[in-house]
2 protein chains.
Amino acid sequence: MIEDEEGLITTLSDRLVSEGFDVAVARDGSEGFEKAIENRFDVIILDLMLPKKNGFDVCRDLRKEGINTPILMLTARGETIDKVLGLKLGADDYLTKPFEIAELLARIESLLRRSGSGTIGKNRFVEFGNVYVDFDRAEIKVENKAIDLSAMEFKLLQFLVENRGKVHSRNVLLDEVWGYDAMPNTRTVDVHVAWLRQKLEGNPKHPKYILTVHGLGYKFVD
Amino acid sequence: MIEDEEGLITTLSDRLVSEGFDVAVARDGSEGFEKAIENRFDVIILDLMLPKKNGFDVCRDLRKEGINTPILMLTARGETIDKVLGLKLGADDYLTKPFEIAELLARIESLLRRSGSGTIGKNRFVEFGNVYVDFDRAEIKVENKAIDLSAMEFKLLQFLVENRGKVHSRNVLLDEVWGYDAMPNTRTVDVHVAWLRQKLEGNPKHPKYILTVHGLGYKFVD
DNA sequence: GACAATGAAAAGAAATTGTTAAGATTGTAA
DNA sequence: TTACAATCTTAACAATTTCTTTTCATTGTC
């Protein structure tokens with residue numbers, strides 16, 4: 001994402017990350033150009049008005065370098081855009097600010113589909129034993145009965161499941177689930193693990209999925 | 001629908017109309033190309049073998065013009081189709097003649113769903129409990145009595161309903177419903193949710209449809 | 001068996017949400 | 001243009017839920 005408007009950067013990258021994308025940001029044209037050459041991105045979101053090197057130039061020069069990554073160009077409100085020029089320079093799609101994020105996501109999907117890079121945004125869920133977890137709906141079912149999890153419990157479960165098999169120390173879990181700037185006692189993790197077990201282990205006293213590794217931390221297995 | 005086989009045109013357009021779609025027909029490639037640029041269609045059904053300009057060319061040129069309308073390509077019996085080529089040119093799906101009309105309808109539905117334009121053509125409405133919502137007419141009825149919703153309330157309801165089941169954080173709702181450049185307080189969402197509940201939940205204190213997921217956001221269920 | 005690590009329970013702290021009402025903003029008609 | 005009505009946003013407070021800490025019992029390891 002080559003963009004200099006901080007608000008848009010934050011909103012957009014947050015959303016894209018939550019949709020499962022990895023996002024790299026460049027805040028001016030030259031930086032964007034460099035990064036786009038060094039890395040193999042799937043899509044480039046390119047603002048037209050940029051410091052140092054404008055969107056048209058970035059686009060044209062990238063194509064000159066043989067970079068065929070799909071480019072979605074953003075134009076400011078009211079900015080009259082010369083589509084023909086844009087097309088000649090090699091952009092793949094346009095979007096005029098302000099736009100709905102859904103619109104942008106749809107365009108990205110379309111670009112990815114066209115370039116054959118694959119799809120995203122599916123319903124993510126996992127099953128183990130008779131536990132069913134749907135991360136988008138924030139819903140879990142045990143023996144087909146819906147169970148309520150708190151936000152923390154959910155995030156913790158999600159992290160453990162997505163990094164199954166590996167042992168995670170309490171400090172790692174605090175960083176990953178609670179965030180780097182939250183600094184609760186490590187025992188807090190224990191409490192949440194206990195609650196999770198209470199809710200989804202058939203026999204919480206002898207857990208099958210969320211296991212304790214004495215002296216090291218916890219791990220999820222299935 | 002860009003197609004030159006009269007029999008198919010009649011059968012198909014009759015059926016599509018009866019399913020609630022509006023259908024425009026072009027009988028050769030050039031005409032189809034022109035019409036697709038002039039109008040905002042929701043789906044294009046495009047035959048491969050056409051007079052004046054073949055399906056591949058129409059497809060590629062439309063994409064070049066920035067037309068992202070989903071394209072469903074029809075190929076004749078036995079016509080070997082180069083799917084890779086088709087994909088590069090921007091088609092979204094294929095169907096080989098002869099096909100069941102039901103199959104074609106299903107593919108169209110799928111394309112519409114993917115492109116997020118909702119199912120248009122049909123007079124789209126939903127019912128849950130004794131609430132009736134017509135999105136095209138922007139009308140809702142509760143126990144058969146018409147209820148007024150403000151613009152925001154309506155957009156919010158529509159988004160929740162169209163993405164039912166999934167939990168949406170307040171920030172996502174702000175982005176989706178208010179737009180990314182609008183930056184109100186996240187609590188604004190709560191207020192609107194409360195109003196919606198007031199208007200369409202039988203017992204607003206214990207909502208059945210618009211549910212709070214503590215710590216995460218809101219979701220619609222029915 | 002000693003010592004540290006973990007499990008379990010409960011109370012206090014903190015965060016989130018529901019609700020209301022007072023401005024601020026927008027749209028509309030005179 | 002002005003005045004009015006409708007709508008939206010913000011702020012405040014209470015109610016609720018969740019999180020953190022603490023304590024003590026239990027388990028595991030050397």
# chains A, B, ... in the order shown; residues from 1 in each chain; ligands from 1

$ residues_around --residues "region 11-28 of chain C" --least-positions-apart "2" --cutoff "12 Å" --atoms "only C-alpha atoms (C1' of nucleotides)" --output "number ranges by chain"
A: 150-151; B: 186-187, 189-195, 197-198, 204-206, 211-218; C: 9, 30; D: 2-23

$ closest_atom_pairs --of "chain A" --to "chain B" --cutoff "7 Å" --atoms "only C-alpha atoms" --output "Markdown table"
| residue | atom | partner | partner_atom | distance |
| --- | --- | --- | --- | --- |
| A:Asp93 | CA | B:Gly66 | CA | 6.0 |
| A:Pro98 | CA | B:Asp181 | CA | 6.5 |
| A:Phe99 | CA | B:Gly179 | CA | 6.9 |
| A:Glu100 | CA | B:Gly179 | CA | 5.4 |
| A:Ile101 | CA | B:Glu176 | CA | 6.2 |
| A:Ala102 | CA | B:Glu176 | CA | 6.5 |
| A:Ala106 | CA | B:Ser115 | CA | 6.2 |
| A:Arg114 | CA | B:Gly90 | CA | 5.5 |
| A:Ser115 | CA | B:Lys88 | CA | 6.7 |
| A:Asp136 | CA | B:Lys166 | CA | 5.4 |
| A:Arg137 | CA | B:Lys166 | CA | 4.3 |
| A:Ala138 | CA | B:Val167 | CA | 6.5 |
| A:Ser150 | CA | B:His214 | CA | 6.9 |
| A:Ala151 | CA | B:Gly215 | CA | 5.3 |

$ write_last_selection --atoms "C-alpha atoms" --output "compact mmCIF listing (two decimals), in the first residue's frame"
# COMPACT_ATOMS: atom_id res chain seq x y z
CA ASP A 93 -8.29 -0.75 -11.67
CA PRO A 98 -14.02 8.27 -0.55
CA PHE A 99 -14.92 4.64 -1.10
CA GLU A 100 -16.52 1.91 0.92
CA ILE A 101 -13.96 -0.54 2.21
CA ALA A 102 -16.17 -3.34 0.96
CA ALA A 106 -14.24 -6.57 -3.83
CA ARG A 114 -7.85 -12.27 -12.49
CA SER A 115 -4.18 -12.67 -11.70
CA ASP A 136 -15.90 -15.22 12.24
CA ARG A 137 -19.09 -15.84 14.13
CA ALA A 138 -17.25 -15.93 17.44
CA SER A 150 -15.43 -14.07 26.30
CA ALA A 151 -13.31 -12.01 23.93

$ calpha_fit_rmsd --fixed "chain A" --moving "chain B"
12.3 Å

$ closest_residue --among "A:Leu149, A:Leu160, A:Leu62, A:Ala26" --to "chain D" --atoms "only C-alpha atoms (C1' of nucleotides)"
A:Leu149

$ residues_around --residues "Leu200 (chain B)" --least-positions-apart "2" --cutoff "12 Å" --atoms "only C-alpha atoms (C1' of nucleotides)" --output "PyMOL selection string"
chain B and resi 127-133+140-149+153-154+157+193-198+202-210

$ interface_residues --of "chain C" --to "chain A" --cutoff "8 Å" --atoms "only C-alpha atoms (C1' of nucleotides)" --output "list in words"
DA5, DT6 and DG7 of chain C

$ select_by_dssp --residues "region 3-146 of chain A" --states "strand (DSSP E or B)" --output "ChimeraX atom specification"
/A:26,44-47,71-75,93-96,125-128,131-134,139-142,145-146

$ select_by_dssp --residues "chain B" --states "helix (DSSP H, G or I)" --output "PyMOL selection string"
chain B and resi 6-18+29-38+55-64+83-89+101-115+151-162+170-178+187-200

$ write_last_selection --atoms "C-alpha atoms" --output "PDB file, in the first residue's frame"
ATOM      1  CA  GLU B   6     -32.180 -16.975 -31.019  1.00  0.00           C
ATOM      2  CA  GLY B   7     -33.578 -20.050 -29.315  1.00  0.00           C
ATOM      3  CA  LEU B   8     -31.292 -19.664 -26.365  1.00  0.00           C
ATOM      4  CA  ILE B   9     -32.001 -15.942 -26.140  1.00  0.00           C
ATOM      5  CA  THR B  10     -35.729 -16.532 -25.814  1.00  0.00           C
ATOM      6  CA  THR B  11     -35.595 -19.453 -23.398  1.00  0.00           C
ATOM      7  CA  LEU B  12     -33.033 -17.868 -21.196  1.00  0.00           C
ATOM      8  CA  SER B  13     -34.353 -14.352 -21.060  1.00  0.00           C
ATOM      9  CA  ASP B  14     -37.881 -15.600 -20.366  1.00  0.00           C
ATOM     10  CA  ARG B  15     -36.631 -17.599 -17.485  1.00  0.00           C
ATOM     11  CA  LEU B  16     -34.403 -14.844 -16.124  1.00  0.00           C
ATOM     12  CA  VAL B  17     -37.245 -12.333 -16.279  1.00  0.00           C
ATOM     13  CA  SER B  18     -39.505 -14.725 -14.443  1.00  0.00           C
ATOM     14  CA  GLY B  29     -19.810  -8.815 -29.843  1.00  0.00           C
ATOM     15  CA  SER B  30     -19.493  -5.161 -30.754  1.00  0.00           C
ATOM     16  CA  GLU B  31     -23.034  -4.353 -29.684  1.00  0.00           C
ATOM     17  CA  GLY B  32     -22.462  -6.196 -26.429  1.00  0.00           C
ATOM     18  CA  PHE B  33     -19.256  -4.338 -25.787  1.00  0.00           C
ATOM     19  CA  GLU B  34     -20.913  -0.960 -26.354  1.00  0.00           C
ATOM     20  CA  LYS B  35     -23.882  -1.741 -24.138  1.00  0.00           C
ATOM     21  CA  ALA B  36     -21.736  -3.122 -21.354  1.00  0.00           C
ATOM     22  CA  ILE B  37     -19.791   0.099 -21.238  1.00  0.00           C
ATOM     23  CA  GLU B  38     -22.812   2.374 -21.349  1.00  0.00           C
ATOM     24  CA  GLY B  55     -16.199 -13.422 -26.547  1.00  0.00           C
ATOM     25  CA  PHE B  56     -12.534 -13.399 -25.627  1.00  0.00           C
ATOM     26  CA  ASP B  57     -12.021 -10.013 -27.196  1.00  0.00           C
ATOM     27  CA  VAL B  58     -15.139  -8.548 -25.633  1.00  0.00           C
ATOM     28  CA  CYS B  59     -14.023  -9.795 -22.259  1.00  0.00           C
ATOM     29  CA  ARG B  60     -10.496  -8.472 -22.507  1.00  0.00           C
ATOM     30  CA  ASP B  61     -11.551  -5.100 -23.827  1.00  0.00           C
ATOM     31  CA  LEU B  62     -14.198  -4.652 -21.143  1.00  0.00           C
ATOM     32  CA  ARG B  63     -11.618  -5.291 -18.440  1.00  0.00           C
ATOM     33  CA  LYS B  64      -9.319  -2.805 -20.110  1.00  0.00           C
ATOM     34  CA  LYS B  83      -9.472 -21.614 -19.286  1.00  0.00           C
ATOM     35  CA  VAL B  84      -6.152 -20.045 -18.518  1.00  0.00           C
ATOM     36  CA  LEU B  85      -6.551 -17.643 -21.365  1.00  0.00           C
ATOM     37  CA  GLY B  86     -10.091 -16.905 -20.273  1.00  0.00           C
ATOM     38  CA  LEU B  87      -9.017 -16.177 -16.754  1.00  0.00           C
ATOM     39  CA  LYS B  88      -6.267 -13.878 -17.900  1.00  0.00           C
ATOM     40  CA  LEU B  89      -8.769 -11.992 -19.949  1.00  0.00           C
ATOM     41  CA  ILE B 101     -30.948 -23.482 -16.760  1.00  0.00           C
ATOM     42  CA  ALA B 102     -30.858 -24.200 -13.041  1.00  0.00           C
ATOM     43  CA  GLU B 103     -27.110 -24.596 -13.305  1.00  0.00           C
ATOM     44  CA  LEU B 104     -26.806 -21.226 -14.992  1.00  0.00           C
ATOM     45  CA  LEU B 105     -28.997 -19.567 -12.371  1.00  0.00           C
ATOM     46  CA  ALA B 106     -26.865 -21.033  -9.622  1.00  0.00           C
ATOM     47  CA  ARG B 107     -23.702 -19.683 -11.234  1.00  0.00           C
ATOM     48  CA  ILE B 108     -25.252 -16.254 -11.585  1.00  0.00           C
ATOM     49  CA  GLU B 109     -26.263 -16.246  -7.952  1.00  0.00           C
ATOM     50  CA  SER B 110     -22.750 -17.208  -7.034  1.00  0.00           C
ATOM     51  CA  LEU B 111     -21.230 -14.451  -9.137  1.00  0.00           C
ATOM     52  CA  LEU B 112     -23.590 -11.897  -7.639  1.00  0.00           C
ATOM     53  CA  ARG B 113     -22.754 -13.045  -4.170  1.00  0.00           C
ATOM     54  CA  ARG B 114     -19.046 -12.825  -4.845  1.00  0.00           C
ATOM     55  CA  SER B 115     -19.186  -9.403  -6.382  1.00  0.00           C
ATOM     56  CA  ALA B 151     -30.872   6.393   6.514  1.00  0.00           C
ATOM     57  CA  MET B 152     -28.170   5.259   8.917  1.00  0.00           C
ATOM     58  CA  GLU B 153     -30.435   2.813  10.645  1.00  0.00           C
ATOM     59  CA  PHE B 154     -31.342   1.334   7.319  1.00  0.00           C
ATOM     60  CA  LYS B 155     -27.784   1.006   6.086  1.00  0.00           C
ATOM     61  CA  LEU B 156     -26.722  -0.501   9.357  1.00  0.00           C
ATOM     62  CA  LEU B 157     -29.556  -3.003   9.309  1.00  0.00           C
ATOM     63  CA  GLN B 158     -28.855  -3.873   5.713  1.00  0.00           C
ATOM     64  CA  PHE B 159     -25.199  -4.505   6.356  1.00  0.00           C
ATOM     65  CA  LEU B 160     -25.901  -6.626   9.391  1.00  0.00           C
ATOM     66  CA  VAL B 161     -28.546  -8.635   7.582  1.00  0.00           C
ATOM     67  CA  GLU B 162     -26.471  -9.139   4.445  1.00  0.00           C
ATOM     68  CA  ARG B 170     -17.638  -1.311  15.872  1.00  0.00           C
ATOM     69  CA  ASN B 171     -14.761  -0.153  13.711  1.00  0.00           C
ATOM     70  CA  VAL B 172     -15.700  -2.436  10.871  1.00  0.00           C
ATOM     71  CA  LEU B 173     -19.279  -1.236  11.104  1.00  0.00           C
ATOM     72  CA  LEU B 174     -18.101   2.362  11.003  1.00  0.00           C
ATOM     73  CA  ASP B 175     -16.042   1.617   7.918  1.00  0.00           C
ATOM     74  CA  GLU B 176     -18.745  -0.343   6.186  1.00  0.00           C
ATOM     75  CA  VAL B 177     -21.802   1.681   7.055  1.00  0.00           C
ATOM     76  CA  TRP B 178     -20.477   5.155   7.719  1.00  0.00           C
ATOM     77  CA  ARG B 187     -20.134   4.562  20.655  1.00  0.00           C
ATOM     78  CA  THR B 188     -22.218   6.055  17.888  1.00  0.00           C
ATOM     79  CA  VAL B 189     -22.681   2.519  16.651  1.00  0.00           C
ATOM     80  CA  ASP B 190     -24.132   1.495  19.990  1.00  0.00           C
ATOM     81  CA  VAL B 191     -26.694   4.235  19.860  1.00  0.00           C
ATOM     82  CA  HIS B 192     -27.866   3.260  16.416  1.00  0.00           C
ATOM     83  CA  VAL B 193     -28.023  -0.376  17.389  1.00  0.00           C
ATOM     84  CA  ALA B 194     -30.150   0.599  20.351  1.00  0.00           C
ATOM     85  CA  TRP B 195     -32.520   2.526  18.095  1.00  0.00           C
ATOM     86  CA  LEU B 196     -32.805  -0.365  15.694  1.00  0.00           C
ATOM     87  CA  ARG B 197     -33.606  -2.712  18.541  1.00  0.00           C
ATOM     88  CA  GLN B 198     -36.161  -0.260  19.836  1.00  0.00           C
ATOM     89  CA  LYS B 199     -37.888  -0.280  16.493  1.00  0.00           C
ATOM     90  CA  LEU B 200     -37.803  -3.894  15.476  1.00  0.00           C
TER      91      LEU B 200
END

$ closest_residue --among "B:Glu201, B:Asp47, B:Glu19, B:Pro184" --to "chain D" --atoms "only C-alpha atoms (C1' of nucleotides)"
B:Pro184

$ atom_distance --atom1 "CA of Tyr94 (chain A)" --atom2 "CA of Leu72 (chain A)"
5.7 Å
